[in-house]
Amino acid sequence: MSEPEPVIKLENLVKRFGQQTVLDGINLEVYPGETMVIMGGSGCGKSTLLRIMIGSIKPTSGKVIMLGQSLAQLSESEIDELRKKIGILFQSGALFNSMTVGENVALPLREHTKLHRDVIDLQVTIKLNQVSLLQARDKMPAQISGGMKKRAGLARALAMDPQILFYDEPSAGLDPVTSSQIDELIMNLSKGLGVTSVVVTHEMDSAFRIADRMCMLNRGKVLKVATREEFEALRDVSDADGFSQDELLMRQFLRGDPEGPISSEEDKGGFFEELGIFSLR
Amino acid sequence: MAVVGNQIVRRRAGGPIHWIRLLGSAVIKGITFVGGMSILLGQTFKWTWRGLFRRKVRFSHHHLIQQMIRVGVRSIPIVLLVQFAIGFILALQMAPELDRWGQAEQVASINAIAGFRELGPLMAAIVLSGFAGASIAAELGTMVTTEEIEALQVQAINPVRFLVVPRVLATVIMMLCLTVLADLTLVFGGFITGVLQLGISPARYYHLTLEALTNKGFLTGLIKGGLFGLLISLIACYQGLSVKPADGSEGVGRATTVTVVRSIVAIVIMDAILTALFYVYNFFER
Ligand SMILES: Nc1ncnc2c1ncn2[C@@H]1O[C@H](COP(=O)(O)OP(=O)(O)OP(=O)(O)O)[C@@H](O)[C@H]1O
Ligand SMILES: [Mg+2]
């Protein structure tokens with residue numbers, strides 16, 4: 001009995017925007033039912049990685065294999081079929097601003113199923129209730145707060161009862177209570193319904209609450225993929241003597257320390273190096 | 001510092017190379033635009049066809065009507081005002097000249113011909129590109145910057161089917177209606193001048209108008225109107241969807257302006273081509 005087939009498999013993924021290499025050889029496997037948290041500093045390419053996984057942008061090179069199919073080899077309509085099995089919560093919520101919250105949640109059902117209107121209405125009620133947003137059903141996205149938008153986006157992502165859920169910063173910008181409610185919801189979906197989750201976040205509290213395994217990105221590379229317990233151990237070590245540079249960096253990130261390798265990397269003056277002006281230093 | 005200096009020098013390089021570069025980028029822009037528009041046109045046809053004839057593909061009448069109201073209704077008053085004024089002025093301007101030949105009555109024929117063949121569809125299109133074109137481009141451009149388009153795509157909802165098709169159909173249908181309205185209003189403007197100022201009897205004016213008005217004149221005007229509508233809406237959708245998420249609200253503003261400018265240029269070019277086909281080569285007889 002070997003390991004189960006991964007639901008998502010990234011093979012040597014590279015993404016460049018012009019000269020800038022954002023992702024530089026990412027390998028990662030996500031297994032059925034687990035919650036994988038991807039962490040990394042702001043601008044390190046987390047959202048980009050997520051976009052590549054959902055087939056919204058193409059990698060410069062490398063492979064994405066989802067539910068056993070390689071994205072690059074699928075036709076547009078085959079990708080669409082695959083997309084009906086996944087749900088995505090965008091960083092900004094990305095609600096359709098011309099529709100009410102309820103209509104936003106109903107849209108995928110209206111578009112992809114032949115369900116009767118009443119059934120769809122019921123579904124919408126259930127999903128909105130799940131994210132405690134029923135009272136905002138008839139509001140327009142512009143009339144609700146950022147946190148509510150995120151929850152509405154989550155209700156929409158849940159509409160089609162997906163097998164895989166992708167979350168981009170689900171708890172960023174939310175108050176602590178709402179944030180832990182969302183975490184609770186993510187855990188319920190994963191434990192209760194066996195949904196596989198990929199969560200991008202830099203909120204460490206929330207990351208440690210929901211993760212089964214975690215992946216740390218830095219400068220376009222995977223520093224470490226390990227279970228939550230291993231990362232917890234790394235965070236809680238008090239004596240960091242004999243740590244490698246990478247381990248020190250992760251420890252600083254996990255603890256949120258102001259001092260450490262991340263800060264001194266910036267001090268090195270990468271800005272001037274990029275301009276090619278060494279003499280000024 | 002030499003690197004920085006060097007870059008400045010390179011950027012300032014003038015002379016023929018500079019002009020060739022400018023020309024080259026203009027050509028590339030032109031080809032990109034025409035190519036992109038053709039692809040969008042093809043996709044729009046494909047999804048309209050599928051929407052109409054394939055059960056599996058959804059076609060929302062509700063959306064279409066919503067868009068028609070949004071696109072067309074607001075431009076009606078302006079079209080009426082502009083066309084009435086043009087009809088009125090055209091008749092006033094032509095009358096003394098025609099009178100010298102004892103043909104003052106012919107303002108009726110001139111207005112009818114000018115209105116139905118040319119000014120009806122043309123003015124309606126120009127007004128509509130300011131109203132509908134600009135608003136469609138701004139709307140779709142904003143949807144790009146708020147990630148709504150991407151959200152549609154990853155939910156397996158094709159943006160061309162969901163957003164472009166209803167807007168294009170609505171614009172074409174509304175352009176047909178507006179063209180007829182514009183034709184009639186222009187004739188009415190001329191009628192007011194003719195009857196009140198030039199003393200032509202209403203019955204006579206009516207008779208002369210009908211005489212000048214051929215099926216060909218009416219239909220070619222209508223075809224022009226429909227094609228102008230297609231152009232306006234396609235350009236607006238194309239420019240709106242070409243906004244990059246990183247361009248932000250500035251990109252949306254630019255898309256709006258570019259839409260109006262390109263629409264007007266495209267309308268005039270299309271008008272010249274169609275007029276040549278219809279009247280010089282008699283492509284469309286009777
Ligand atoms: N479409 C694009 N074109 C050019 N550069 C891009 C594009 N999208 C992202 N980038 C660049 O890629 C890098 C990573 O961006 P990304 O949004 O993936 O970061 P992130 O890790 O999600 O950051 P945050 O935590 O702030 O959300 C950034 O430097 C950004 O400038
Ligand atoms: Mg991000």
# chains A, B, ... in the order shown; residues from 1 in each chain; ligands from 1
>>> residues_near_ligand(ligand="ligand 1", cutoff="7 Å", atoms="only C-alpha atoms and all ligand atoms", output="list in words")
Phe17, Val22, Gly40, Gly41, Ser42, Gly43, Cys44, Gly45, Lys46, Ser47, Thr48, Leu49 and His202 of chain A; Ala246 of chain B
>>> closest_atom_pairs(of="chain A", to="chain B", cutoff="9 Å", atoms="only C-alpha atoms", output="Markdown table")
| residue | atom | partner | partner_atom | distance |
| --- | --- | --- | --- | --- |
| A:Ile54 | CA | B:Val154 | CA | 7.0 |
| A:Gly55 | CA | B:Val154 | CA | 7.7 |
| A:Ser56 | CA | B:Val154 | CA | 6.6 |
| A:Ser77 | CA | B:Ala156 | CA | 8.5 |
| A:Ile79 | CA | B:Ala156 | CA | 8.0 |
| A:Asp80 | CA | B:Ala156 | CA | 4.7 |
| A:Glu81 | CA | B:Ala156 | CA | 7.4 |
| A:Leu82 | CA | B:Ala156 | CA | 8.6 |
| A:Arg83 | CA | B:Ala156 | CA | 5.9 |
| A:Lys84 | CA | B:Gln155 | CA | 6.4 |
| A:Ile86 | CA | B:Gln155 | CA | 8.2 |
| A:Gly87 | CA | B:Gln155 | CA | 7.6 |
| A:Ile88 | CA | B:Val154 | CA | 7.8 |
| A:Phe90 | CA | B:Ala151 | CA | 7.9 |
| A:Ser92 | CA | B:Thr146 | CA | 7.8 |
| A:Gly93 | CA | B:Glu147 | CA | 8.6 |
| A:Ala94 | CA | B:Glu148 | CA | 5.3 |
| A:Leu95 | CA | B:Glu148 | CA | 6.5 |
| A:Phe96 | CA | B:Glu148 | CA | 5.9 |
| A:Asn97 | CA | B:Glu148 | CA | 8.2 |
| A:Pro108 | CA | B:Gln155 | CA | 6.9 |
| A:Glu111 | CA | B:Arg58 | CA | 7.2 |
| A:His112 | CA | B:Ile157 | CA | 8.5 |
| A:Ala157 | CA | B:Gln155 | CA | 8.6 |
| A:Leu275 | CA | B:Val4 | CA | 8.6 |
| A:Gly276 | CA | B:Val3 | CA | 7.6 |
| A:Ile277 | CA | B:Met1 | CA | 6.9 |
| A:Ser279 | CA | B:Met1 | CA | 8.1 |
| A:Leu280 | CA | B:Met1 | CA | 8.4 |
>>> write_last_selection(atoms="N, CA and C atoms", output="PDB file, in the first residue's frame")
ATOM      1  N   ILE A  54      -4.895  26.967 -10.885  1.00  0.00           N
ATOM      2  CA  ILE A  54      -6.281  26.932 -11.365  1.00  0.00           C
ATOM      3  C   ILE A  54      -6.348  27.180 -12.856  1.00  0.00           C
ATOM      4  N   GLY A  55      -5.199  27.219 -13.514  1.00  0.00           N
ATOM      5  CA  GLY A  55      -5.191  27.334 -14.973  1.00  0.00           C
ATOM      6  C   GLY A  55      -5.576  28.701 -15.478  1.00  0.00           C
ATOM      7  N   SER A  56      -5.459  29.698 -14.600  1.00  0.00           N
ATOM      8  CA  SER A  56      -5.841  31.038 -15.018  1.00  0.00           C
ATOM      9  C   SER A  56      -4.692  31.728 -15.748  1.00  0.00           C
ATOM     10  N   SER A  77     -12.491  23.316 -23.254  1.00  0.00           N
ATOM     11  CA  SER A  77     -13.728  22.811 -22.644  1.00  0.00           C
ATOM     12  C   SER A  77     -13.419  21.747 -21.595  1.00  0.00           C
ATOM     13  N   ILE A  79     -10.788  21.871 -19.652  1.00  0.00           N
ATOM     14  CA  ILE A  79     -10.398  22.661 -18.479  1.00  0.00           C
ATOM     15  C   ILE A  79     -11.639  23.183 -17.771  1.00  0.00           C
ATOM     16  N   ASP A  80     -12.627  23.622 -18.554  1.00  0.00           N
ATOM     17  CA  ASP A  80     -13.867  24.110 -17.954  1.00  0.00           C
ATOM     18  C   ASP A  80     -14.557  23.024 -17.133  1.00  0.00           C
ATOM     19  N   GLU A  81     -14.542  21.796 -17.658  1.00  0.00           N
ATOM     20  CA  GLU A  81     -15.147  20.692 -16.900  1.00  0.00           C
ATOM     21  C   GLU A  81     -14.433  20.518 -15.557  1.00  0.00           C
ATOM     22  N   LEU A  82     -13.099  20.603 -15.622  1.00  0.00           N
ATOM     23  CA  LEU A  82     -12.293  20.485 -14.409  1.00  0.00           C
ATOM     24  C   LEU A  82     -12.615  21.615 -13.431  1.00  0.00           C
ATOM     25  N   ARG A  83     -12.820  22.799 -13.994  1.00  0.00           N
ATOM     26  CA  ARG A  83     -13.039  23.973 -13.150  1.00  0.00           C
ATOM     27  C   ARG A  83     -14.350  23.901 -12.394  1.00  0.00           C
ATOM     28  N   LYS A  84     -15.295  23.126 -12.937  1.00  0.00           N
ATOM     29  CA  LYS A  84     -16.562  22.996 -12.224  1.00  0.00           C
ATOM     30  C   LYS A  84     -16.380  22.201 -10.935  1.00  0.00           C
ATOM     31  N   ILE A  86     -13.758  22.652  -8.909  1.00  0.00           N
ATOM     32  CA  ILE A  86     -12.950  23.380  -7.935  1.00  0.00           C
ATOM     33  C   ILE A  86     -13.620  24.700  -7.572  1.00  0.00           C
ATOM     34  N   GLY A  87     -13.321  25.185  -6.389  1.00  0.00           N
ATOM     35  CA  GLY A  87     -13.844  26.476  -5.958  1.00  0.00           C
ATOM     36  C   GLY A  87     -12.679  27.378  -5.589  1.00  0.00           C
ATOM     37  N   ILE A  88     -12.848  28.655  -5.872  1.00  0.00           N
ATOM     38  CA  ILE A  88     -11.751  29.581  -5.587  1.00  0.00           C
ATOM     39  C   ILE A  88     -12.254  30.786  -4.824  1.00  0.00           C
ATOM     40  N   PHE A  90     -10.997  34.404  -4.100  1.00  0.00           N
ATOM     41  CA  PHE A  90      -9.954  35.347  -4.494  1.00  0.00           C
ATOM     42  C   PHE A  90      -9.541  36.234  -3.329  1.00  0.00           C
ATOM     43  N   SER A  92      -9.333  39.362  -3.242  1.00  0.00           N
ATOM     44  CA  SER A  92     -10.214  40.516  -3.077  1.00  0.00           C
ATOM     45  C   SER A  92     -11.691  40.115  -3.019  1.00  0.00           C
ATOM     46  N   GLY A  93     -11.953  38.832  -3.068  1.00  0.00           N
ATOM     47  CA  GLY A  93     -13.348  38.392  -3.137  1.00  0.00           C
ATOM     48  C   GLY A  93     -13.819  38.236  -4.573  1.00  0.00           C
ATOM     49  N   ALA A  94     -13.499  39.260  -5.413  1.00  0.00           N
ATOM     50  CA  ALA A  94     -13.850  39.238  -6.842  1.00  0.00           C
ATOM     51  C   ALA A  94     -15.316  38.913  -7.088  1.00  0.00           C
ATOM     52  N   LEU A  95     -16.188  39.519  -6.310  1.00  0.00           N
ATOM     53  CA  LEU A  95     -17.630  39.360  -6.554  1.00  0.00           C
ATOM     54  C   LEU A  95     -18.008  40.124  -7.809  1.00  0.00           C
ATOM     55  N   PHE A  96     -19.116  39.714  -8.436  1.00  0.00           N
ATOM     56  CA  PHE A  96     -19.600  40.466  -9.587  1.00  0.00           C
ATOM     57  C   PHE A  96     -20.380  41.666  -9.068  1.00  0.00           C
ATOM     58  N   ASN A  97     -19.862  42.847  -9.349  1.00  0.00           N
ATOM     59  CA  ASN A  97     -20.403  44.042  -8.706  1.00  0.00           C
ATOM     60  C   ASN A  97     -21.787  44.436  -9.198  1.00  0.00           C
ATOM     61  N   PRO A 108     -23.049  30.396 -10.532  1.00  0.00           N
ATOM     62  CA  PRO A 108     -22.504  29.137 -11.040  1.00  0.00           C
ATOM     63  C   PRO A 108     -23.575  28.046 -11.160  1.00  0.00           C
ATOM     64  N   GLU A 111     -25.647  28.750 -14.218  1.00  0.00           N
ATOM     65  CA  GLU A 111     -24.914  28.551 -15.464  1.00  0.00           C
ATOM     66  C   GLU A 111     -24.621  27.082 -15.738  1.00  0.00           C
ATOM     67  N   HIS A 112     -24.369  26.327 -14.681  1.00  0.00           N
ATOM     68  CA  HIS A 112     -23.846  24.980 -14.916  1.00  0.00           C
ATOM     69  C   HIS A 112     -24.802  23.852 -14.586  1.00  0.00           C
ATOM     70  N   ALA A 157     -17.744  30.248  -3.883  1.00  0.00           N
ATOM     71  CA  ALA A 157     -16.812  29.164  -4.181  1.00  0.00           C
ATOM     72  C   ALA A 157     -17.395  27.810  -3.774  1.00  0.00           C
ATOM     73  N   LEU A 275      19.950  47.640 -10.356  1.00  0.00           N
ATOM     74  CA  LEU A 275      20.231  48.718 -11.311  1.00  0.00           C
ATOM     75  C   LEU A 275      21.598  48.560 -11.969  1.00  0.00           C
ATOM     76  N   GLY A 276      22.400  47.687 -11.398  1.00  0.00           N
ATOM     77  CA  GLY A 276      23.721  47.476 -11.965  1.00  0.00           C
ATOM     78  C   GLY A 276      24.719  48.552 -11.569  1.00  0.00           C
ATOM     79  N   ILE A 277      24.417  49.276 -10.509  1.00  0.00           N
ATOM     80  CA  ILE A 277      25.323  50.332 -10.082  1.00  0.00           C
ATOM     81  C   ILE A 277      25.993  49.880  -8.793  1.00  0.00           C
ATOM     82  N   SER A 279      29.115  50.876  -7.882  1.00  0.00           N
ATOM     83  CA  SER A 279      30.068  51.864  -7.388  1.00  0.00           C
ATOM     84  C   SER A 279      29.473  52.761  -6.305  1.00  0.00           C
ATOM     85  N   LEU A 280      28.162  52.907  -6.304  1.00  0.00           N
ATOM     86  CA  LEU A 280      27.546  53.819  -5.351  1.00  0.00           C
ATOM     87  C   LEU A 280      27.608  53.298  -3.919  1.00  0.00           C
TER      88      LEU A 280
END
>>> select_by_dssp(residues="range 68-275 of chain A", states="strand (DSSP E or B)", output="PyMOL selection string")
chain A and resi 69-70+86-89+164-168+196-200+213-218+221-227
>>> write_last_selection(atoms="N, CA and C atoms", output="PDB file, in the first residue's frame")
ATOM      1  N   GLN A  69      -4.993  14.878 -14.378  1.00  0.00           N
ATOM      2  CA  GLN A  69      -4.876  15.394 -15.744  1.00  0.00           C
ATOM      3  C   GLN A  69      -3.881  16.546 -15.786  1.00  0.00           C
ATOM      4  N   SER A  70      -3.070  16.552 -16.827  1.00  0.00           N
ATOM      5  CA  SER A  70      -2.116  17.638 -16.970  1.00  0.00           C
ATOM      6  C   SER A  70      -2.793  18.834 -17.635  1.00  0.00           C
ATOM      7  N   ILE A  86     -13.758  22.652  -8.909  1.00  0.00           N
ATOM      8  CA  ILE A  86     -12.950  23.380  -7.935  1.00  0.00           C
ATOM      9  C   ILE A  86     -13.620  24.700  -7.572  1.00  0.00           C
ATOM     10  N   GLY A  87     -13.321  25.185  -6.389  1.00  0.00           N
ATOM     11  CA  GLY A  87     -13.844  26.476  -5.958  1.00  0.00           C
ATOM     12  C   GLY A  87     -12.679  27.378  -5.589  1.00  0.00           C
ATOM     13  N   ILE A  88     -12.848  28.655  -5.872  1.00  0.00           N
ATOM     14  CA  ILE A  88     -11.751  29.581  -5.587  1.00  0.00           C
ATOM     15  C   ILE A  88     -12.254  30.786  -4.824  1.00  0.00           C
ATOM     16  N   LEU A  89     -11.553  31.114  -3.762  1.00  0.00           N
ATOM     17  CA  LEU A  89     -11.816  32.365  -3.071  1.00  0.00           C
ATOM     18  C   LEU A  89     -10.674  33.320  -3.401  1.00  0.00           C
ATOM     19  N   ILE A 164     -12.046  20.464  -4.664  1.00  0.00           N
ATOM     20  CA  ILE A 164     -10.844  21.162  -4.218  1.00  0.00           C
ATOM     21  C   ILE A 164     -11.196  22.628  -4.023  1.00  0.00           C
ATOM     22  N   LEU A 165     -10.724  23.197  -2.936  1.00  0.00           N
ATOM     23  CA  LEU A 165     -10.959  24.619  -2.704  1.00  0.00           C
ATOM     24  C   LEU A 165      -9.633  25.346  -2.613  1.00  0.00           C
ATOM     25  N   PHE A 166      -9.548  26.458  -3.325  1.00  0.00           N
ATOM     26  CA  PHE A 166      -8.354  27.286  -3.252  1.00  0.00           C
ATOM     27  C   PHE A 166      -8.714  28.584  -2.541  1.00  0.00           C
ATOM     28  N   TYR A 167      -7.898  28.950  -1.576  1.00  0.00           N
ATOM     29  CA  TYR A 167      -8.174  30.192  -0.855  1.00  0.00           C
ATOM     30  C   TYR A 167      -6.967  31.107  -0.975  1.00  0.00           C
ATOM     31  N   ASP A 168      -7.180  32.329  -1.410  1.00  0.00           N
ATOM     32  CA  ASP A 168      -6.094  33.301  -1.414  1.00  0.00           C
ATOM     33  C   ASP A 168      -6.313  34.275  -0.261  1.00  0.00           C
ATOM     34  N   THR A 196     -10.393  18.864  -0.400  1.00  0.00           N
ATOM     35  CA  THR A 196      -8.970  19.182  -0.379  1.00  0.00           C
ATOM     36  C   THR A 196      -8.813  20.702  -0.437  1.00  0.00           C
ATOM     37  N   SER A 197      -7.973  21.266   0.410  1.00  0.00           N
ATOM     38  CA  SER A 197      -7.848  22.722   0.426  1.00  0.00           C
ATOM     39  C   SER A 197      -6.411  23.153   0.202  1.00  0.00           C
ATOM     40  N   VAL A 198      -6.270  24.196  -0.592  1.00  0.00           N
ATOM     41  CA  VAL A 198      -4.974  24.848  -0.749  1.00  0.00           C
ATOM     42  C   VAL A 198      -5.157  26.281  -0.287  1.00  0.00           C
ATOM     43  N   VAL A 199      -4.454  26.658   0.750  1.00  0.00           N
ATOM     44  CA  VAL A 199      -4.661  27.971   1.346  1.00  0.00           C
ATOM     45  C   VAL A 199      -3.369  28.780   1.265  1.00  0.00           C
ATOM     46  N   VAL A 200      -3.473  29.950   0.680  1.00  0.00           N
ATOM     47  CA  VAL A 200      -2.339  30.861   0.655  1.00  0.00           C
ATOM     48  C   VAL A 200      -2.545  31.884   1.757  1.00  0.00           C
ATOM     49  N   ARG A 213      -0.454  20.191   6.309  1.00  0.00           N
ATOM     50  CA  ARG A 213       0.946  20.363   5.926  1.00  0.00           C
ATOM     51  C   ARG A 213       1.137  21.810   5.474  1.00  0.00           C
ATOM     52  N   MET A 214       2.386  22.243   5.497  1.00  0.00           N
ATOM     53  CA  MET A 214       2.672  23.625   5.130  1.00  0.00           C
ATOM     54  C   MET A 214       3.831  23.664   4.150  1.00  0.00           C
ATOM     55  N   CYS A 215       3.839  24.729   3.355  1.00  0.00           N
ATOM     56  CA  CYS A 215       4.893  24.877   2.368  1.00  0.00           C
ATOM     57  C   CYS A 215       5.396  26.312   2.454  1.00  0.00           C
ATOM     58  N   MET A 216       6.688  26.466   2.574  1.00  0.00           N
ATOM     59  CA  MET A 216       7.258  27.799   2.728  1.00  0.00           C
ATOM     60  C   MET A 216       7.952  28.203   1.434  1.00  0.00           C
ATOM     61  N   LEU A 217       7.536  29.341   0.872  1.00  0.00           N
ATOM     62  CA  LEU A 217       8.151  29.842  -0.359  1.00  0.00           C
ATOM     63  C   LEU A 217       9.090  30.997  -0.018  1.00  0.00           C
ATOM     64  N   ASN A 218      10.186  31.070  -0.736  1.00  0.00           N
ATOM     65  CA  ASN A 218      11.036  32.254  -0.632  1.00  0.00           C
ATOM     66  C   ASN A 218      11.766  32.442  -1.949  1.00  0.00           C
ATOM     67  N   LYS A 221      11.318  29.877  -4.703  1.00  0.00           N
ATOM     68  CA  LYS A 221      11.629  28.462  -4.486  1.00  0.00           C
ATOM     69  C   LYS A 221      10.923  27.945  -3.243  1.00  0.00           C
ATOM     70  N   VAL A 222      10.711  26.613  -3.214  1.00  0.00           N
ATOM     71  CA  VAL A 222      10.154  25.998  -2.023  1.00  0.00           C
ATOM     72  C   VAL A 222      11.283  25.775  -1.032  1.00  0.00           C
ATOM     73  N   LEU A 223      11.160  26.402   0.142  1.00  0.00           N
ATOM     74  CA  LEU A 223      12.202  26.196   1.150  1.00  0.00           C
ATOM     75  C   LEU A 223      11.981  24.890   1.878  1.00  0.00           C
ATOM     76  N   LYS A 224      10.706  24.646   2.202  1.00  0.00           N
ATOM     77  CA  LYS A 224      10.431  23.460   3.007  1.00  0.00           C
ATOM     78  C   LYS A 224       8.957  23.091   2.873  1.00  0.00           C
ATOM     79  N   VAL A 225       8.697  21.799   2.726  1.00  0.00           N
ATOM     80  CA  VAL A 225       7.333  21.291   2.821  1.00  0.00           C
ATOM     81  C   VAL A 225       7.331  20.290   3.968  1.00  0.00           C
ATOM     82  N   ALA A 226       6.453  20.505   4.923  1.00  0.00           N
ATOM     83  CA  ALA A 226       6.470  19.591   6.072  1.00  0.00           C
ATOM     84  C   ALA A 226       5.138  19.647   6.787  1.00  0.00           C
ATOM     85  N   THR A 227       4.962  18.788   7.747  1.00  0.00           N
ATOM     86  CA  THR A 227       3.710  18.790   8.510  1.00  0.00           C
ATOM     87  C   THR A 227       3.682  20.013   9.420  1.00  0.00           C
TER      88      THR A 227
END
>>> select_by_dssp(residues="range 59-279 of chain A", states="helix (DSSP H, G or I)", output="MDAnalysis selection string")
chainID A and resid 71:73 76:83 101:112 117:130 134:136 141:143 146:158 176:193 204:210 228:236 245:255 261:267 270:275
>>> residues_around(residues="Ile86 in chain B", least_positions_apart="6", cutoff="10 Å", atoms="only C-alpha atoms", output="ChimeraX atom specification")
/B:80,92,111,115,119,123,185-187,189-190
>>> residues_around(residues="Arg228 in chain A", least_positions_apart="2", cutoff="12 Å", atoms="only C-alpha atoms", output="VMD selection string")
chain A and resid 34 to 38 204 to 216 224 to 226 230 to 235 254
>>> residues_around(residues="Ala91 in chain B", least_positions_apart="5", cutoff="10 Å", atoms="only C-alpha atoms", output="list in words")
Ala85, Ile86, Pro96, Leu98, Ala104, Glu105, Gln106, Val107, Ala108, Ile110, Asn111, Leu186, Val187, Gly189, Gly190, Phe191, Ile192, Thr193, Gly194, Gln197 and Leu198 of chain B
>>> residues_around(residues="Cys177 in chain B", least_positions_apart="3", cutoff="12 Å", atoms="only C-alpha atoms", output="PyMOL selection string")
chain B and resi 68+71-73+75-76+79+120-121+124-125+128+170-174+180-184+221-223+225-226+229
>>> write_last_selection(atoms="N, CA and C atoms", output="short mmCIF file (atom, residue, chain, number, x, y, z; two decimals), in the first residue's frame")
data_model
loop_
_atom_site.label_atom_id
_atom_site.label_comp_id
_atom_site.auth_asym_id
_atom_site.auth_seq_id
_atom_site.Cartn_x
_atom_site.Cartn_y
_atom_site.Cartn_z
N MET B 68 -30.17 46.10 -23.66
CA MET B 68 -30.78 46.97 -24.66
C MET B 68 -31.24 48.26 -24.03
N VAL B 71 -28.08 50.25 -23.10
CA VAL B 71 -27.35 50.75 -24.26
C VAL B 71 -28.13 51.82 -24.99
N GLY B 72 -29.40 51.53 -25.25
CA GLY B 72 -30.11 52.34 -26.21
C GLY B 72 -30.93 53.47 -25.65
N VAL B 73 -31.65 53.18 -24.59
CA VAL B 73 -32.69 54.11 -24.19
C VAL B 73 -32.14 55.50 -23.84
N SER B 75 -29.68 57.00 -25.03
CA SER B 75 -29.20 57.81 -26.15
C SER B 75 -30.33 58.35 -27.02
N ILE B 76 -31.56 57.87 -26.79
CA ILE B 76 -32.67 58.32 -27.64
C ILE B 76 -32.85 59.85 -27.63
N VAL B 79 -30.16 61.58 -29.70
CA VAL B 79 -30.30 61.31 -31.13
C VAL B 79 -31.44 62.15 -31.70
N GLY B 120 -28.81 59.50 -40.90
CA GLY B 120 -29.51 58.75 -39.85
C GLY B 120 -28.58 57.76 -39.18
N PRO B 121 -28.11 56.76 -39.95
CA PRO B 121 -27.20 55.79 -39.32
C PRO B 121 -25.91 56.42 -38.78
N ALA B 124 -26.60 58.50 -35.50
CA ALA B 124 -26.99 57.58 -34.43
C ALA B 124 -25.77 56.82 -33.92
N ALA B 125 -24.92 56.39 -34.86
CA ALA B 125 -23.73 55.62 -34.46
C ALA B 125 -22.77 56.48 -33.65
N LEU B 128 -24.18 56.95 -30.26
CA LEU B 128 -24.14 55.69 -29.52
C LEU B 128 -22.72 55.30 -29.09
N ALA B 170 -27.39 43.53 -28.18
CA ALA B 170 -28.19 44.67 -27.73
C ALA B 170 -27.83 45.92 -28.52
N THR B 171 -26.53 46.13 -28.75
CA THR B 171 -26.12 47.33 -29.47
C THR B 171 -26.60 47.29 -30.91
N VAL B 172 -26.48 46.13 -31.55
CA VAL B 172 -26.91 46.03 -32.95
C VAL B 172 -28.42 46.29 -33.05
N ILE B 173 -29.17 45.63 -32.18
CA ILE B 173 -30.63 45.81 -32.24
C ILE B 173 -31.00 47.27 -31.96
N MET B 174 -30.38 47.86 -30.95
CA MET B 174 -30.71 49.24 -30.63
C MET B 174 -30.27 50.18 -31.74
N VAL B 180 -33.73 54.03 -37.54
CA VAL B 180 -35.06 54.38 -38.05
C VAL B 180 -35.55 55.67 -37.39
N LEU B 181 -35.36 55.72 -36.09
CA LEU B 181 -35.79 56.90 -35.34
C LEU B 181 -35.07 58.16 -35.84
N ALA B 182 -33.76 58.00 -36.06
CA ALA B 182 -32.95 59.13 -36.51
C ALA B 182 -33.38 59.58 -37.91
N ASP B 183 -33.64 58.61 -38.79
CA ASP B 183 -34.12 58.92 -40.14
C ASP B 183 -35.37 59.79 -40.08
N LEU B 184 -36.33 59.29 -39.29
CA LEU B 184 -37.63 59.97 -39.24
C LEU B 184 -37.50 61.36 -38.63
N GLY B 221 -29.32 52.12 -45.57
CA GLY B 221 -29.13 52.87 -44.34
C GLY B 221 -29.24 51.97 -43.12
N LEU B 222 -30.20 51.06 -43.18
CA LEU B 222 -30.41 50.14 -42.06
C LEU B 222 -29.23 49.18 -41.91
N ILE B 223 -28.73 48.69 -43.06
CA ILE B 223 -27.57 47.80 -43.01
C ILE B 223 -26.38 48.54 -42.42
N GLY B 225 -26.47 51.00 -40.35
CA GLY B 225 -26.72 51.16 -38.91
C GLY B 225 -26.36 49.90 -38.14
N GLY B 226 -26.81 48.75 -38.64
CA GLY B 226 -26.53 47.50 -37.96
C GLY B 226 -25.04 47.23 -37.88
N GLY B 229 -23.34 49.39 -35.41
CA GLY B 229 -23.60 48.88 -34.06
C GLY B 229 -22.63 47.76 -33.71
#
>>> closest_residue(among="A:Ala172, A:Leu109, A:Leu248, A:Val124", to="ligand 2", atoms="only C-alpha atoms and all ligand atoms")
A:Ala172
>>> residues_around(residues="Thr256 in chain B", least_positions_apart="2", cutoff="6 Å", atoms="only C-alpha atoms", output="list in words")
Ala134, Ala137, Ala138, Gly253, Arg254, Val258 and Thr259 of chain B
>>> atom_distance(atom1="CA of Gly194 in chain A", atom2="CA of Ser179 in chain A")
21.4 Å
>>> atom_distance(atom1="CA of Ile52 in chain A", atom2="CA of Glu29 in chain A")
14.2 Å
